Amino acid sequence: MLNAVVTGTSTGIGLATSLHLARNGYRVFAGMRNTAKSDALMEAAAAESLPVEVIELDICSNASVDAAFALVHKQGAVDLLVNNAGIGGASPLEITPEDEHKQMFETNYFGAVRCVQAVLPSMRERETGAIVNITSAVGLQATPNQIAYSASKWALECLGEALAHEVYRFGVRVVNVEPGVIMTNIFENSAEQTRYDKTSPYQPIMRRNGKIFSAGFKRAVPAQLVAETILESVTTEDYKLRWPVGPDAEGFMAARHKVPSEAWIEMGGDLSDSEYNERFAEYFGVEI
């Protein structure tokens, strides 16, 4: 049986991924910062007699990461790491506190770095293993009103692409999975980092960013689809670096290759809603 470590598993994508991997030949070490929130996962795993073990893992703490992976390595080598834990938020850069911006990177980027460094020596030496980074559709397209979040996911995208190159000769597979709007509670969890002010000069950007996500919710896909994509990405014989999940992510991926950056930037001008919506649909295939 293969060993997998999944981070951020108390809800959403992490929970669904832990169960899906456990149904498909993996013994799963489900990492979560607060193990008191493990009831939903453990009840679901117990109902199917799945090999899932919850471990305490705060990816923002070197000591916690070291302790968690030391515990896992005592039971065997890690064959698959899924860097899923992350935080969100939405506000213009001008009013995003520096500490909040740093925390976004600490969690979404450096947390993944810590976990990668914990498993990579063994994978390299054994010349086998896989690392999956859960980035985001906004890691494919620079997104106003979400600069801290988007930039942290861009950074993780970069890490995945460059790391894939570094470890290719060692037989280690690295992939980036880019969900769009998924039916999880990440938005509730990021409410404190989300700002909307009708009197702000950035109000049109704030409102349109909200409309984009509202459109995404109408077509949101379940976390299970992300879990299935993760498994496919590490088992398919045809290697592919990037795996968008959901129609909005697929639209952003397509736009990377056909929409000039300047055209996207110009949408920040004084456009009417109808003009903005028309261009967004043309560029990204999403009606807002």
# chains A, B, ... in the order shown; residues from 1 in each chain; ligands from 1
>>> residues_around(residues="Asp270 in chain A", least_positions_apart="3", cutoff="12 Å", atoms="only C-alpha atoms", output="JSON, numbers by chain")
{"A": [201, 202, 204, 205, 265, 266, 267, 273, 274, 275, 276]}
>>> closest_atom_pairs(of="range 17-109 of chain A", to="range 155-159 of chain A", cutoff="10 Å", atoms="only C-alpha atoms", output="JSON lines")
{"residue": "A:Asn83", "atom": "CA", "partner": "A:Leu156", "partner_atom": "CA", "distance": 9.9}
{"residue": "A:Phe105", "atom": "CA", "partner": "A:Ala155", "partner_atom": "CA", "distance": 8.6}
{"residue": "A:Asn108", "atom": "CA", "partner": "A:Leu156", "partner_atom": "CA", "distance": 7.4}
{"residue": "A:Tyr109", "atom": "CA", "partner": "A:Leu156", "partner_atom": "CA", "distance": 5.6}
>>> closest_residue(among="A:Gly89, A:Asp39, A:Arg124, A:Gly111", to="Glu166 in chain A", atoms="only C-alpha atoms")
A:Arg124
>>> closest_residue(among="A:Gly12, A:Ala148, A:Ala164, A:Glu125", to="Gln103 in chain A", atoms="only C-alpha atoms")
A:Ala148
>>> atom_distance(atom1="CA of Glu100 in chain A", atom2="CA of Gln141 in chain A")
21.1 Å
>>> closest_residue(among="A:Ile55, A:Val245, A:Val172, A:Ala130", to="Ala67 in chain A", atoms="only C-alpha atoms")
A:Ile55
>>> residues_around(residues="Glu53 in chain A", least_positions_apart="6", cutoff="9 Å", atoms="only C-alpha atoms", output="MDAnalysis selection string")
chainID A and resid 27:31 42
>>> write_last_selection(atoms="C-alpha atoms", output="JSON list (two decimals), in the first residue's frame")
[["chain", "number", "residue", "atom", "x", "y", "z"],
["A", 27, "ARG", "CA", -2.83, 4.77, 3.32],
["A", 28, "VAL", "CA", -3.57, 8.41, 4.02],
["A", 29, "PHE", "CA", -2.02, 10.59, 6.69],
["A", 30, "ALA", "CA", -4.51, 13.44, 6.88],
["A", 31, "GLY", "CA", -2.84, 16.56, 8.22],
["A", 42, "MET", "CA", -12.87, 10.10, 10.63]]
>>> closest_residue(among="A:Ala68, A:Ala112, A:Ile230, A:Val175", to="Asn24 in chain A", atoms="only C-alpha atoms")
A:Ile230
>>> select_by_dssp(residues="range 98-259 of chain A", states="alpha helix (DSSP H)", output="ChimeraX atom specification")
/A:98-105,111-126,147-167,186-189,203-218,223-235,247-258
>>> closest_residue(among="A:Leu80, A:Val174, A:Ala36, A:Leu19", to="Val52 in chain A", atoms="only C-alpha atoms")
A:Leu19
>>> residues_around(residues="Glu48 in chain A", least_positions_apart="2", cutoff="10 Å", atoms="only C-alpha atoms", output="PyMOL selection string")
chain A and resi 19+22-23+43-46+50-51
>>> closest_atom_pairs(of="range 113-175 of chain A", to="range 70-78 of chain A", cutoff="10 Å", atoms="only C-alpha atoms", output="Markdown table")
| residue | atom | partner | partner_atom | distance |
| --- | --- | --- | --- | --- |
| A:Ala118 | CA | A:Ala70 | CA | 8.8 |
| A:Val119 | CA | A:Val78 | CA | 6.5 |
| A:Leu120 | CA | A:Val78 | CA | 9.1 |
| A:Ser122 | CA | A:Ala77 | CA | 7.0 |
| A:Met123 | CA | A:Val78 | CA | 7.5 |
| A:Arg126 | CA | A:Ala77 | CA | 9.2 |
| A:Thr128 | CA | A:Val78 | CA | 9.7 |
| A:Gly129 | CA | A:Val78 | CA | 7.4 |
| A:Ala130 | CA | A:Val78 | CA | 8.9 |
| A:Ile131 | CA | A:Val78 | CA | 9.9 |
>>> write_last_selection(atoms="N, CA and C atoms", output="PDB file, in the first residue's frame")
ATOM      1  N   ALA A 118      10.325  18.248   3.282  1.00  0.00           N
ATOM      2  CA  ALA A 118      10.261  17.122   4.208  1.00  0.00           C
ATOM      3  C   ALA A 118      10.210  15.777   3.490  1.00  0.00           C
ATOM      4  N   VAL A 119       9.644  15.753   2.272  1.00  0.00           N
ATOM      5  CA  VAL A 119       9.495  14.468   1.575  1.00  0.00           C
ATOM      6  C   VAL A 119      10.489  14.273   0.448  1.00  0.00           C
ATOM      7  N   LEU A 120      11.069  15.347  -0.058  1.00  0.00           N
ATOM      8  CA  LEU A 120      11.864  15.247  -1.282  1.00  0.00           C
ATOM      9  C   LEU A 120      13.128  14.406  -1.153  1.00  0.00           C
ATOM     10  N   SER A 122      13.779  11.662   0.438  1.00  0.00           N
ATOM     11  CA  SER A 122      13.446  10.244   0.305  1.00  0.00           C
ATOM     12  C   SER A 122      12.959   9.927  -1.101  1.00  0.00           C
ATOM     13  N   MET A 123      12.126  10.793  -1.662  1.00  0.00           N
ATOM     14  CA  MET A 123      11.645  10.554  -3.025  1.00  0.00           C
ATOM     15  C   MET A 123      12.796  10.542  -4.013  1.00  0.00           C
ATOM     16  N   ARG A 126      14.895   7.356  -3.596  1.00  0.00           N
ATOM     17  CA  ARG A 126      14.184   6.155  -4.060  1.00  0.00           C
ATOM     18  C   ARG A 126      13.820   6.246  -5.539  1.00  0.00           C
ATOM     19  N   THR A 128      11.314   7.803  -6.927  1.00  0.00           N
ATOM     20  CA  THR A 128       9.882   7.621  -7.127  1.00  0.00           C
ATOM     21  C   THR A 128       9.138   8.549  -6.181  1.00  0.00           C
ATOM     22  N   GLY A 129       7.906   8.869  -6.559  1.00  0.00           N
ATOM     23  CA  GLY A 129       7.083   9.724  -5.712  1.00  0.00           C
ATOM     24  C   GLY A 129       6.387  10.800  -6.534  1.00  0.00           C
ATOM     25  N   ALA A 130       5.404  11.437  -5.909  1.00  0.00           N
ATOM     26  CA  ALA A 130       4.647  12.486  -6.590  1.00  0.00           C
ATOM     27  C   ALA A 130       4.288  13.586  -5.603  1.00  0.00           C
ATOM     28  N   ILE A 131       4.296  14.816  -6.105  1.00  0.00           N
ATOM     29  CA  ILE A 131       3.933  15.995  -5.321  1.00  0.00           C
ATOM     30  C   ILE A 131       2.864  16.752  -6.093  1.00  0.00           C
TER      31      ILE A 131
END
